[in-house]
Amino acid sequence: MTDIASLRPLAAVAVPALAAIAILASRSRPNVREGWTILAAASTFAVVASMVPGVLAGDTYVTSLGTFVPLGDGSVEFVLQADALGMLFGLLASFLWLVTSFYSIGYMRGLDEHAQTRYFASFAASVASAVGVAFASNLLVLFVFYELLTVATYPLVTHDETAEARAAGRKYLAYTFGGGVAVLAGTVLVYVLAGSIAFTPGGIEGLATADPMLARAAFALLVAGFGVKAALMPVHSWLPDAMVAPTPVSGLLHAVAVVKSGVFGIARVVLEVFGPDTVSNLGVGIPLAAVAAFTLLAASIIALRQDNLKRRLAYSTVSQLSYIVLGLGIGASMGGDAARYALIGGLLHIPAHAFMKLTLFFCAGAMHVETHTDDISDMAGIGKRMPLTMSAFAVAAAGMAGIPLVAGFVSKFYLLIGTASGGEVAFTVALLVSGVLNIAYFWPVVYQAFFESETADGHDRKPLIENPLGGRFAVAADGGNPNDGPNQQSSASGRPAADPDGEYAVDRNPSDHTRSGDVGDDASETVDSGHGEHTEHTDTHHDVDDHAHDHHHGGPPAGGWERRSWLGGEGSWFVVAPILTAATGSVILGVIPGRAVFLQLVEYIVSAATVVGVFA
């Protein structure tokens, strides 16, 4: 491994930080403001991606900023380094920030949100902090950026400025700052025990010979501190409450930065502070895996009871993050190939979950922007209104459940092979049961969207097949011909009768907030999603009902959903294109994982961390 002095790790942090300042300076010119956002996101990704070939070749890019904390004979250096594990998180965060930037423009303009300048500036600052977490070279530098990430994301969590948002923000600060205190305490204890807090593949040597009880205490403090943002139970409840934030923020929290910084911190602790061999000798890996197994099962059960889509996705995140922690804990407790498989599965689930969960939240946000539908019980038939969006949702949901050809299958397959071949059958069963629960809470959303029809009296439970399937006529929900009789008053499904041309009246008439005539005199209701100039809102207390339910309170409007084309028409392409991009990433990671750079990075990380002791 060769250390290369370079300014690129610093540039990857500085570009989004400087962009936040430029965004604030462009407050009065929205197009310029959002231009800075896109430019900074693209530049950050380019800087990070430029280091990937060197890192895979064994190089580490290092930016040294001198002594951070002088400690007598020793000192802690403020160093940023782009190594393989840092690159895994940094590359993911920078790429998904670029995707989320486009989505944010469509979402924020589509809803004519207030305080958009503050939103984009905070988002840039959050990504700068996340990249700093990725490229930190030791626990203290990691702690600094970990805390800055909390500060930068707080305005995003409280963006709506309602009482509910402020309460969620207070809870978020209490939990995450509390976790930060635990991280700092664990950092101090590690330095006292080992005389170093620098990340070292395979672990810091001094911890292997330290007092076992104190070493276990340091491990517990660090894992508990990072476990807050990783949403391990029982310190998870801030995450569902934070869903009051705008949907792109939910994507940031769940896929791009915040929760990933938590599991990334645990990965650093397991692989490069203590090391798998020391974790195994201390006997702390199995308890960590047990907490993760409980979390992934309990959160899945809770998700089954959530009707609000974003809250269901939030509990899904709590569950899915524990796959990563379980892989780290169980992988560090076994030896040989079983350990390597478990560690690869856990680490590979970081990008797999990110792409899939970002797709799901993007889809939830698109439904909110276009139809103001947030509850699953209101989504019957919405697949014909938003076919591309709901198809992407179905793909990502399948991956979350571990269905083949999507990213989640590959990472979970590694986990299953690792736990089963290592004799940890209880964890294998927990993973399989969780997969079933994933199907149980995702399938109703997909089923209602495509296989139920909205009616005046409720949902039509018969399969919804309303497209020509090679015949001359459309097919009604009950399988009959909608043109069986021109004088027929209604179909067997309860839908209005078709006219002689074979088209239902509810399909001819526009049905939701985008139709002409529904838009009122308020100019905010006719905003151009993603193209025109916008005036920044200065009001700080807006009515949440006006914000979220401008035209109706979710579900199909009177007359049913309007059918939209697969080739567009279901929303701004600033929203739809990022959805398709994230979904495509999920499929690429599932179909050709061997060619995906993330798997190459993961294999390099695991090889570097498992070259000693029982792993040799």
# chains A, B, ... in the order shown; residues from 1 in each chain; ligands from 1

$ select_by_dssp --residues "range 229-290 of chain A" --states "helix (DSSP H, G or I)" --output "number ranges by chain"
A: 229, 238-244, 247-256, 258-282, 285-290

$ write_last_selection --atoms "N, CA and C atoms" --output "short mmCIF file (atom, residue, chain, number, x, y, z; two decimals), in the first residue's frame"
data_model
loop_
_atom_site.label_atom_id
_atom_site.label_comp_id
_atom_site.auth_asym_id
_atom_site.auth_seq_id
_atom_site.Cartn_x
_atom_site.Cartn_y
_atom_site.Cartn_z
N LYS A 229 -27.08 6.68 14.80
CA LYS A 229 -27.38 7.03 13.41
C LYS A 229 -27.62 5.80 12.56
N TRP A 238 -35.83 8.12 16.49
CA TRP A 238 -35.69 9.43 15.84
C TRP A 238 -35.92 9.35 14.34
N LEU A 239 -35.59 8.19 13.75
CA LEU A 239 -35.62 8.08 12.30
C LEU A 239 -37.04 8.12 11.73
N PRO A 240 -37.99 7.32 12.22
CA PRO A 240 -39.36 7.46 11.70
C PRO A 240 -39.94 8.84 11.94
N ASP A 241 -39.62 9.47 13.09
CA ASP A 241 -40.15 10.80 13.37
C ASP A 241 -39.59 11.84 12.41
N ALA A 242 -38.37 11.62 11.92
CA ALA A 242 -37.74 12.57 11.00
C ALA A 242 -38.36 12.54 9.62
N MET A 243 -39.32 11.63 9.39
CA MET A 243 -39.97 11.56 8.08
C MET A 243 -40.89 12.75 7.82
N VAL A 244 -41.03 13.63 8.79
CA VAL A 244 -41.78 14.86 8.57
C VAL A 244 -41.05 15.78 7.60
N THR A 247 -39.28 14.82 1.17
CA THR A 247 -38.84 13.50 0.72
C THR A 247 -37.38 13.46 0.29
N PRO A 248 -36.83 14.45 -0.43
CA PRO A 248 -35.39 14.38 -0.74
C PRO A 248 -34.53 14.33 0.52
N VAL A 249 -34.99 14.97 1.59
CA VAL A 249 -34.27 14.90 2.86
C VAL A 249 -34.34 13.48 3.42
N SER A 250 -35.51 12.86 3.28
CA SER A 250 -35.64 11.47 3.71
C SER A 250 -34.66 10.60 2.95
N GLY A 251 -34.50 10.86 1.66
CA GLY A 251 -33.51 10.13 0.89
C GLY A 251 -32.10 10.38 1.41
N LEU A 252 -31.81 11.63 1.76
CA LEU A 252 -30.50 11.96 2.34
C LEU A 252 -30.29 11.21 3.65
N LEU A 253 -31.31 11.21 4.50
CA LEU A 253 -31.20 10.55 5.80
C LEU A 253 -31.00 9.06 5.64
N HIS A 254 -31.72 8.45 4.70
CA HIS A 254 -31.78 6.99 4.62
C HIS A 254 -30.77 6.38 3.67
N ALA A 255 -30.36 7.11 2.64
CA ALA A 255 -29.56 6.47 1.60
C ALA A 255 -28.22 7.14 1.38
N VAL A 256 -28.13 8.44 1.50
CA VAL A 256 -26.94 9.15 1.05
C VAL A 256 -25.96 9.39 2.19
N VAL A 258 -26.78 10.22 6.36
CA VAL A 258 -26.84 10.15 7.82
C VAL A 258 -26.76 8.73 8.35
N VAL A 259 -27.72 7.89 7.99
CA VAL A 259 -27.69 6.53 8.54
C VAL A 259 -26.49 5.75 8.01
N LYS A 260 -26.07 6.08 6.79
CA LYS A 260 -24.89 5.40 6.25
C LYS A 260 -23.64 5.80 7.02
N SER A 261 -23.60 7.03 7.56
CA SER A 261 -22.45 7.41 8.37
C SER A 261 -22.40 6.57 9.64
N GLY A 262 -23.57 6.18 10.15
CA GLY A 262 -23.61 5.33 11.33
C GLY A 262 -23.05 3.94 11.07
N VAL A 263 -23.54 3.28 10.02
CA VAL A 263 -23.04 1.94 9.74
C VAL A 263 -21.58 2.00 9.26
N PHE A 264 -21.21 3.09 8.58
CA PHE A 264 -19.82 3.25 8.17
C PHE A 264 -18.92 3.36 9.40
N GLY A 265 -19.37 4.10 10.40
CA GLY A 265 -18.58 4.20 11.63
C GLY A 265 -18.41 2.85 12.30
N ILE A 266 -19.46 2.06 12.32
CA ILE A 266 -19.35 0.71 12.90
C ILE A 266 -18.38 -0.13 12.09
N ALA A 267 -18.41 0.01 10.75
CA ALA A 267 -17.48 -0.73 9.91
C ALA A 267 -16.03 -0.34 10.23
N ARG A 268 -15.78 0.97 10.41
CA ARG A 268 -14.43 1.41 10.77
C ARG A 268 -14.01 0.77 12.10
N VAL A 269 -14.90 0.76 13.07
CA VAL A 269 -14.57 0.23 14.39
C VAL A 269 -14.26 -1.27 14.30
N VAL A 270 -15.10 -2.01 13.60
CA VAL A 270 -14.93 -3.47 13.53
C VAL A 270 -13.70 -3.85 12.71
N LEU A 271 -13.49 -3.19 11.58
CA LEU A 271 -12.45 -3.62 10.65
C LEU A 271 -11.12 -2.92 10.85
N GLU A 272 -11.11 -1.65 11.31
CA GLU A 272 -9.88 -0.88 11.29
C GLU A 272 -9.51 -0.22 12.62
N VAL A 273 -10.34 -0.37 13.63
CA VAL A 273 -9.95 0.06 14.98
C VAL A 273 -9.61 -1.17 15.81
N PHE A 274 -10.57 -2.05 15.97
CA PHE A 274 -10.31 -3.30 16.70
C PHE A 274 -9.79 -4.39 15.77
N GLY A 275 -10.37 -4.50 14.59
CA GLY A 275 -9.98 -5.56 13.67
C GLY A 275 -10.76 -6.82 13.94
N PRO A 276 -11.07 -7.59 12.91
CA PRO A 276 -11.87 -8.81 13.10
C PRO A 276 -11.26 -9.78 14.09
N ASP A 277 -9.93 -9.92 14.09
CA ASP A 277 -9.31 -10.88 14.99
C ASP A 277 -9.51 -10.49 16.45
N THR A 278 -9.32 -9.22 16.79
CA THR A 278 -9.53 -8.75 18.16
C THR A 278 -11.00 -8.80 18.55
N VAL A 279 -11.88 -8.46 17.63
CA VAL A 279 -13.33 -8.56 17.89
C VAL A 279 -13.69 -10.00 18.23
N SER A 280 -13.13 -10.95 17.49
CA SER A 280 -13.40 -12.35 17.77
C SER A 280 -12.86 -12.76 19.13
N ASN A 281 -11.65 -12.35 19.46
CA ASN A 281 -11.05 -12.72 20.74
C ASN A 281 -11.80 -12.11 21.93
N LEU A 282 -12.31 -10.89 21.75
CA LEU A 282 -13.05 -10.23 22.83
C LEU A 282 -14.47 -10.78 22.98
N GLY A 285 -18.49 -9.69 18.86
CA GLY A 285 -19.14 -9.71 17.55
C GLY A 285 -20.52 -10.34 17.58
N ILE A 286 -20.65 -11.46 18.28
CA ILE A 286 -21.95 -12.16 18.33
C ILE A 286 -23.01 -11.30 19.03
N PRO A 287 -22.72 -10.66 20.18
CA PRO A 287 -23.73 -9.77 20.76
C PRO A 287 -24.15 -8.65 19.81
N LEU A 288 -23.19 -8.08 19.06
CA LEU A 288 -23.54 -7.05 18.09
C LEU A 288 -24.46 -7.61 17.01
N ALA A 289 -24.15 -8.80 16.52
CA ALA A 289 -24.99 -9.43 15.51
C ALA A 289 -26.38 -9.76 16.07
N ALA A 290 -26.46 -10.13 17.35
CA ALA A 290 -27.75 -10.44 17.97
C ALA A 290 -28.64 -9.20 18.05
#

$ residues_around --residues "range 123-138 of chain A" --least-positions-apart "5" --cutoff "6 Å" --atoms "only C-alpha atoms" --output "CSV table (one decimal) with N, CA and C atoms, in the first residue's frame"
chain,number,residue,atom,x,y,z
A,13,VAL,N,-14.1,17.4,0.0
A,13,VAL,CA,-14.8,18.0,1.2
A,13,VAL,C,-15.1,19.4,0.9
A,16,PRO,N,-18.2,20.8,-1.9
A,16,PRO,CA,-19.6,21.0,-1.5
A,16,PRO,C,-19.7,22.1,-0.3
A,17,ALA,N,-18.6,22.2,0.5
A,17,ALA,CA,-18.7,23.2,1.5
A,17,ALA,C,-18.7,24.6,0.9
A,20,ALA,N,-22.1,25.5,-0.6
A,20,ALA,CA,-23.1,26.0,0.3
A,20,ALA,C,-23.0,27.5,0.4
A,79,VAL,N,-5.8,14.5,9.3
A,79,VAL,CA,-5.5,14.0,8.0
A,79,VAL,C,-6.7,13.4,7.4
A,80,LEU,N,-6.9,13.8,6.1
A,80,LEU,CA,-7.9,13.1,5.3
A,80,LEU,C,-7.3,12.1,4.4
A,81,GLN,N,-7.8,10.9,4.3
A,81,GLN,CA,-7.3,9.9,3.5
A,81,GLN,C,-8.4,9.2,2.7
A,82,ALA,N,-8.1,8.9,1.4
A,82,ALA,CA,-9.1,8.2,0.6
A,82,ALA,C,-8.5,6.8,0.5
A,86,GLY,N,-13.1,4.1,2.9
A,86,GLY,CA,-13.6,5.5,2.7
A,86,GLY,C,-14.1,5.8,1.4
A,89,PHE,N,-17.8,4.6,0.8
A,89,PHE,CA,-18.8,5.6,1.3
A,89,PHE,C,-18.8,6.9,0.5
A,90,GLY,N,-17.6,7.4,0.3
A,90,GLY,CA,-17.4,8.7,-0.4
A,90,GLY,C,-18.0,8.6,-1.8
A,145,PHE,N,-16.4,15.4,11.9
A,145,PHE,CA,-17.3,15.4,10.8
A,145,PHE,C,-18.7,14.8,11.1
A,149,LEU,N,-22.1,16.7,10.6
A,149,LEU,CA,-23.2,16.2,9.8
A,149,LEU,C,-24.6,16.4,10.6
A,152,ALA,N,-25.5,20.1,10.2
A,152,ALA,CA,-25.9,20.4,8.8
A,152,ALA,C,-27.3,19.9,8.4
A,153,THR,N,-27.6,18.7,9.0
A,153,THR,CA,-28.9,18.1,8.6
A,153,THR,C,-30.1,18.6,9.4
A,197,ILE,N,-5.3,6.3,17.6
A,197,ILE,CA,-6.7,6.2,17.1
A,197,ILE,C,-6.8,6.2,15.6
A,198,ALA,N,-5.6,5.9,14.9
A,198,ALA,CA,-5.6,5.9,13.5
A,198,ALA,C,-6.2,4.6,12.9
A,199,PHE,N,-6.9,4.8,11.9
A,199,PHE,CA,-7.5,3.6,11.2
A,199,PHE,C,-6.4,2.7,10.6
A,257,ALA,N,-26.4,9.9,3.3
A,257,ALA,CA,-25.5,10.4,4.3
A,257,ALA,C,-25.7,9.9,5.7

$ select_by_dssp --residues "range 72-206 of chain A" --states "strand (DSSP E or B)" --output "list in words"
Gly74, Ser75, Val76, Glu77, Phe78, Val79, Leu80, Gln81, Ala82, Ala136, Asn138 and Ala198 of chain A

$ write_last_selection --atoms "N, CA and C atoms" --output "mmCIF file, in the first residue's frame"
data_model
loop_
_atom_site.group_PDB
_atom_site.id
_atom_site.type_symbol
_atom_site.label_atom_id
_atom_site.label_comp_id
_atom_site.auth_asym_id
_atom_site.auth_seq_id
_atom_site.Cartn_x
_atom_site.Cartn_y
_atom_site.Cartn_z
ATOM 1 N N GLY A 74 3.152 12.597 21.895
ATOM 2 C CA GLY A 74 2.436 12.214 20.682
ATOM 3 C C GLY A 74 1.474 13.316 20.266
ATOM 4 N N SER A 75 0.728 13.056 19.239
ATOM 5 C CA SER A 75 -0.258 14.022 18.770
ATOM 6 C C SER A 75 -1.242 13.309 17.865
ATOM 7 N N VAL A 76 -2.371 13.952 17.658
ATOM 8 C CA VAL A 76 -3.368 13.462 16.719
ATOM 9 C C VAL A 76 -3.341 14.384 15.518
ATOM 10 N N GLU A 77 -3.099 13.848 14.350
ATOM 11 C CA GLU A 77 -2.997 14.628 13.130
ATOM 12 C C GLU A 77 -4.376 14.790 12.481
ATOM 13 N N PHE A 78 -4.594 15.962 11.885
ATOM 14 C CA PHE A 78 -5.804 16.174 11.103
ATOM 15 C C PHE A 78 -5.479 15.775 9.662
ATOM 16 N N VAL A 79 -5.808 14.542 9.331
ATOM 17 C CA VAL A 79 -5.465 13.976 8.037
ATOM 18 C C VAL A 79 -6.728 13.426 7.376
ATOM 19 N N LEU A 80 -6.872 13.753 6.117
ATOM 20 C CA LEU A 80 -7.915 13.135 5.294
ATOM 21 C C LEU A 80 -7.257 12.122 4.379
ATOM 22 N N GLN A 81 -7.831 10.927 4.319
ATOM 23 C CA GLN A 81 -7.250 9.896 3.461
ATOM 24 C C GLN A 81 -8.351 9.152 2.719
ATOM 25 N N ALA A 82 -8.113 8.941 1.435
ATOM 26 C CA ALA A 82 -9.051 8.190 0.598
ATOM 27 C C ALA A 82 -8.520 6.775 0.455
ATOM 28 N N ALA A 136 -12.052 10.559 6.737
ATOM 29 C CA ALA A 136 -11.349 10.760 8.000
ATOM 30 C C ALA A 136 -10.316 9.649 8.200
ATOM 31 N N ASN A 138 -8.718 9.046 11.223
ATOM 32 C CA ASN A 138 -8.695 8.532 12.593
ATOM 33 C C ASN A 138 -10.017 8.838 13.274
ATOM 34 N N ALA A 198 -5.630 5.921 14.950
ATOM 35 C CA ALA A 198 -5.581 5.928 13.490
ATOM 36 C C ALA A 198 -6.179 4.637 12.942
#

$ residues_around --residues "Ala11 in chain A" --least-positions-apart "3" --cutoff "9 Å" --atoms "only C-alpha atoms" --output "number ranges by chain"
A: 7-8, 14-16, 44, 47-48

$ residues_around --residues "Thr581 in chain A" --least-positions-apart "6" --cutoff "12 Å" --atoms "only C-alpha atoms" --output "tab-separated table (two decimals) with all heavy atoms, in the first residue's frame"
chain	number	residue	atom	x	y	z
A	95	PHE	N	-22.01	10.35	-5.65
A	95	PHE	CA	-22.84	10.02	-6.82
A	95	PHE	C	-24.31	10.24	-6.53
A	95	PHE	O	-25.05	10.83	-7.33
A	95	PHE	CB	-22.60	8.58	-7.26
A	95	PHE	CG	-23.48	8.16	-8.41
A	95	PHE	CD1	-23.27	8.66	-9.70
A	95	PHE	CD2	-24.54	7.29	-8.21
A	95	PHE	CE1	-24.09	8.30	-10.75
A	95	PHE	CE2	-25.36	6.92	-9.26
A	95	PHE	CZ	-25.14	7.43	-10.53
A	96	LEU	N	-24.77	9.77	-5.38
A	96	LEU	CA	-26.19	9.91	-5.06
A	96	LEU	C	-26.56	11.36	-4.77
A	96	LEU	O	-27.72	11.73	-4.94
A	96	LEU	CB	-26.57	9.00	-3.89
A	96	LEU	CG	-26.47	7.50	-4.20
A	96	LEU	CD1	-26.93	6.67	-3.01
A	96	LEU	CD2	-27.27	7.13	-5.44
A	98	LEU	N	-25.45	13.83	-6.57
A	98	LEU	CA	-25.71	14.33	-7.91
A	98	LEU	C	-27.12	13.94	-8.37
A	98	LEU	O	-27.87	14.78	-8.90
A	98	LEU	CB	-24.67	13.79	-8.88
A	98	LEU	CG	-24.80	14.18	-10.36
A	98	LEU	CD1	-24.76	15.70	-10.52
A	98	LEU	CD2	-23.70	13.52	-11.17
A	99	VAL	N	-27.50	12.69	-8.16
A	99	VAL	CA	-28.83	12.23	-8.55
A	99	VAL	C	-29.91	12.96	-7.76
A	99	VAL	O	-30.91	13.43	-8.31
A	99	VAL	CB	-28.95	10.70	-8.34
A	99	VAL	CG1	-30.36	10.22	-8.66
A	99	VAL	CG2	-27.94	9.96	-9.19
A	100	THR	N	-29.68	13.11	-6.45
A	100	THR	CA	-30.67	13.74	-5.59
A	100	THR	C	-30.79	15.24	-5.87
A	100	THR	O	-31.85	15.83	-5.65
A	100	THR	CB	-30.31	13.52	-4.11
A	100	THR	OG1	-30.13	12.12	-3.88
A	100	THR	CG2	-31.41	14.02	-3.19
A	102	PHE	N	-30.81	16.76	-8.84
A	102	PHE	CA	-31.81	16.92	-9.89
A	102	PHE	C	-33.21	16.68	-9.34
A	102	PHE	O	-34.15	17.43	-9.62
A	102	PHE	CB	-31.52	15.96	-11.06
A	102	PHE	CG	-30.37	16.39	-11.92
A	102	PHE	CD1	-29.12	15.81	-11.77
A	102	PHE	CD2	-30.54	17.38	-12.88
A	102	PHE	CE1	-28.05	16.21	-12.57
A	102	PHE	CE2	-29.48	17.79	-13.69
A	102	PHE	CZ	-28.23	17.19	-13.53
A	103	TYR	N	-33.35	15.62	-8.55
A	103	TYR	CA	-34.66	15.30	-7.98
A	103	TYR	C	-35.15	16.43	-7.09
A	103	TYR	O	-36.34	16.79	-7.12
A	103	TYR	CB	-34.55	14.00	-7.18
A	103	TYR	CG	-35.87	13.55	-6.57
A	103	TYR	CD1	-36.74	12.74	-7.28
A	103	TYR	CD2	-36.23	13.93	-5.29
A	103	TYR	CE1	-37.94	12.32	-6.73
A	103	TYR	CE2	-37.42	13.53	-4.73
A	103	TYR	CZ	-38.28	12.72	-5.45
A	103	TYR	OH	-39.46	12.32	-4.91
A	355	PHE	N	-29.10	2.51	-3.18
A	355	PHE	CA	-29.78	2.67	-4.47
A	355	PHE	C	-31.25	2.28	-4.37
A	355	PHE	O	-32.12	2.97	-4.90
A	355	PHE	CB	-29.08	1.82	-5.54
A	355	PHE	CG	-27.86	2.46	-6.12
A	355	PHE	CD1	-26.59	2.14	-5.66
A	355	PHE	CD2	-27.97	3.40	-7.13
A	355	PHE	CE1	-25.46	2.74	-6.19
A	355	PHE	CE2	-26.85	4.01	-7.68
A	355	PHE	CZ	-25.59	3.67	-7.21
A	356	MET	N	-31.53	1.18	-3.70
A	356	MET	CA	-32.92	0.72	-3.61
A	356	MET	C	-33.78	1.65	-2.77
A	356	MET	O	-34.89	2.02	-3.16
A	356	MET	CB	-32.96	-0.70	-3.05
A	356	MET	CG	-32.32	-1.75	-3.94
A	356	MET	SD	-32.47	-3.43	-3.31
A	356	MET	CE	-31.55	-3.34	-1.77
A	358	LEU	N	-33.22	4.80	-2.00
A	358	LEU	CA	-33.38	6.10	-2.64
A	358	LEU	C	-34.47	6.03	-3.71
A	358	LEU	O	-35.27	6.96	-3.85
A	358	LEU	CB	-32.06	6.55	-3.26
A	358	LEU	CG	-31.96	8.04	-3.62
A	358	LEU	CD1	-32.08	8.90	-2.37
A	358	LEU	CD2	-30.65	8.34	-4.34
A	359	THR	N	-34.51	4.93	-4.46
A	359	THR	CA	-35.58	4.74	-5.45
A	359	THR	C	-36.94	4.79	-4.78
A	359	THR	O	-37.86	5.47	-5.26
A	359	THR	CB	-35.40	3.40	-6.18
A	359	THR	OG1	-34.13	3.34	-6.80
A	359	THR	CG2	-36.49	3.21	-7.23
A	362	PHE	N	-37.76	8.32	-3.57
A	362	PHE	CA	-38.05	9.16	-4.73
A	362	PHE	C	-39.46	8.89	-5.24
A	362	PHE	O	-40.19	9.83	-5.60
A	362	PHE	CB	-37.05	8.87	-5.85
A	362	PHE	CG	-35.72	9.56	-5.69
A	362	PHE	CD1	-34.71	9.34	-6.63
A	362	PHE	CD2	-35.46	10.41	-4.63
A	362	PHE	CE1	-33.48	9.99	-6.51
A	362	PHE	CE2	-34.24	11.04	-4.50
A	362	PHE	CZ	-33.24	10.83	-5.45
A	363	CYS	N	-39.85	7.62	-5.29
A	363	CYS	CA	-41.20	7.28	-5.76
A	363	CYS	C	-42.26	7.83	-4.81
A	363	CYS	O	-43.28	8.37	-5.26
A	363	CYS	CB	-41.35	5.76	-5.88
A	363	CYS	SG	-40.36	5.02	-7.20
A	388	LEU	N	-44.42	4.56	-14.69
A	388	LEU	CA	-42.97	4.45	-14.56
A	388	LEU	C	-42.55	4.50	-13.09
A	388	LEU	O	-41.70	3.71	-12.64
A	388	LEU	CB	-42.29	5.60	-15.32
A	388	LEU	CG	-42.13	5.43	-16.83
A	388	LEU	CD1	-41.57	6.72	-17.43
A	388	LEU	CD2	-41.22	4.27	-17.15
A	389	THR	N	-43.14	5.41	-12.35
A	389	THR	CA	-42.81	5.56	-10.93
A	389	THR	C	-43.10	4.29	-10.16
A	389	THR	O	-42.25	3.79	-9.40
A	389	THR	CB	-43.59	6.74	-10.32
A	389	THR	OG1	-43.20	7.94	-10.99
A	389	THR	CG2	-43.31	6.87	-8.84
A	392	ALA	N	-40.75	1.39	-11.07
A	392	ALA	CA	-39.47	1.53	-10.38
A	392	ALA	C	-39.61	1.14	-8.91
A	392	ALA	O	-38.71	0.50	-8.33
A	392	ALA	CB	-38.96	2.97	-10.50
A	396	ALA	N	-37.41	-1.84	-6.96
A	396	ALA	CA	-36.64	-1.61	-5.74
A	396	ALA	C	-37.20	-2.43	-4.58
A	396	ALA	O	-36.43	-2.97	-3.76
A	396	ALA	CB	-36.64	-0.13	-5.39
A	573	TRP	N	-39.59	15.63	-15.48
A	573	TRP	CA	-38.47	14.72	-15.69
A	573	TRP	C	-37.34	15.00	-14.70
A	573	TRP	O	-36.45	14.16	-14.53
A	573	TRP	CB	-37.98	14.82	-17.13
A	573	TRP	CG	-38.84	14.00	-18.04
A	573	TRP	CD1	-39.80	14.44	-18.89
A	573	TRP	CD2	-38.84	12.57	-18.15
A	573	TRP	NE1	-40.40	13.37	-19.53
A	573	TRP	CE2	-39.83	12.21	-19.11
A	573	TRP	CE3	-38.10	11.55	-17.55
A	573	TRP	CZ2	-40.09	10.89	-19.46
A	573	TRP	CZ3	-38.36	10.23	-17.90
A	573	TRP	CH2	-39.34	9.91	-18.84
A	574	PHE	N	-37.36	16.14	-14.04
A	574	PHE	CA	-36.42	16.36	-12.95
A	574	PHE	C	-36.68	15.37	-11.81
A	574	PHE	O	-35.78	15.06	-11.03
A	574	PHE	CB	-36.54	17.79	-12.40
A	574	PHE	CG	-35.68	18.78	-13.12
A	574	PHE	CD1	-36.17	19.47	-14.22
A	574	PHE	CD2	-34.39	19.03	-12.72
A	574	PHE	CE1	-35.38	20.39	-14.89
A	574	PHE	CE2	-33.58	19.95	-13.37
A	574	PHE	CZ	-34.08	20.63	-14.48
A	575	VAL	N	-37.90	14.89	-11.71
A	575	VAL	CA	-38.26	13.90	-10.71
A	575	VAL	C	-38.17	12.49	-11.27
A	575	VAL	O	-37.62	11.58	-10.64
A	575	VAL	CB	-39.69	14.18	-10.17
A	575	VAL	CG1	-40.16	13.05	-9.27
A	575	VAL	CG2	-39.71	15.50	-9.40
A	587	VAL	N	-30.56	-2.36	-10.36
A	587	VAL	CA	-30.54	-3.52	-11.25
A	587	VAL	C	-29.10	-3.87	-11.66
A	587	VAL	O	-28.72	-5.05	-11.69
A	587	VAL	CB	-31.41	-3.26	-12.49
A	587	VAL	CG1	-31.29	-4.40	-13.49
A	587	VAL	CG2	-32.88	-3.09	-12.08
A	588	ILE	N	-28.29	-2.86	-11.97
A	588	ILE	CA	-26.91	-3.12	-12.37
A	588	ILE	C	-26.15	-3.85	-11.27
A	588	ILE	O	-25.42	-4.82	-11.52
A	588	ILE	CB	-26.20	-1.79	-12.73
A	588	ILE	CG1	-26.78	-1.23	-14.04
A	588	ILE	CG2	-24.70	-1.99	-12.86
A	588	ILE	CD1	-26.25	0.14	-14.40

$ closest_atom_pairs --of "range 320-354 of chain A" --to "range 403-413 of chain A" --cutoff "7 Å" --atoms "only C-alpha atoms" --output "Markdown table"
| residue | atom | partner | partner_atom | distance |
| --- | --- | --- | --- | --- |
| A:Gly345 | CA | A:Ser411 | CA | 4.4 |
| A:Gly346 | CA | A:Ser411 | CA | 6.8 |
| A:Leu348 | CA | A:Ser411 | CA | 5.5 |
| A:His349 | CA | A:Ser411 | CA | 5.3 |
| A:Ala352 | CA | A:Ala407 | CA | 5.1 |
| A:His353 | CA | A:Gly408 | CA | 6.8 |

$ atom_distance --atom1 "CA of Ser26 in chain A" --atom2 "CA of Ala46 in chain A"
23.5 Å

$ residues_around --residues "Met379 in chain A" --least-positions-apart "4" --cutoff "7 Å" --atoms "only C-alpha atoms" --output "list in words"
Gln448, Ala449 and Gly555 of chain A

$ closest_residue --among "A:Ala215, A:Ile382, A:Ala57, A:Leu156" --to "Gly560 in chain A" --atoms "only C-alpha atoms"
A:Ile382

$ closest_residue --among "A:Ser237, A:Gln320, A:Ser333, A:Ser391" --to "Ala583 in chain A" --atoms "only C-alpha atoms"
A:Ser391
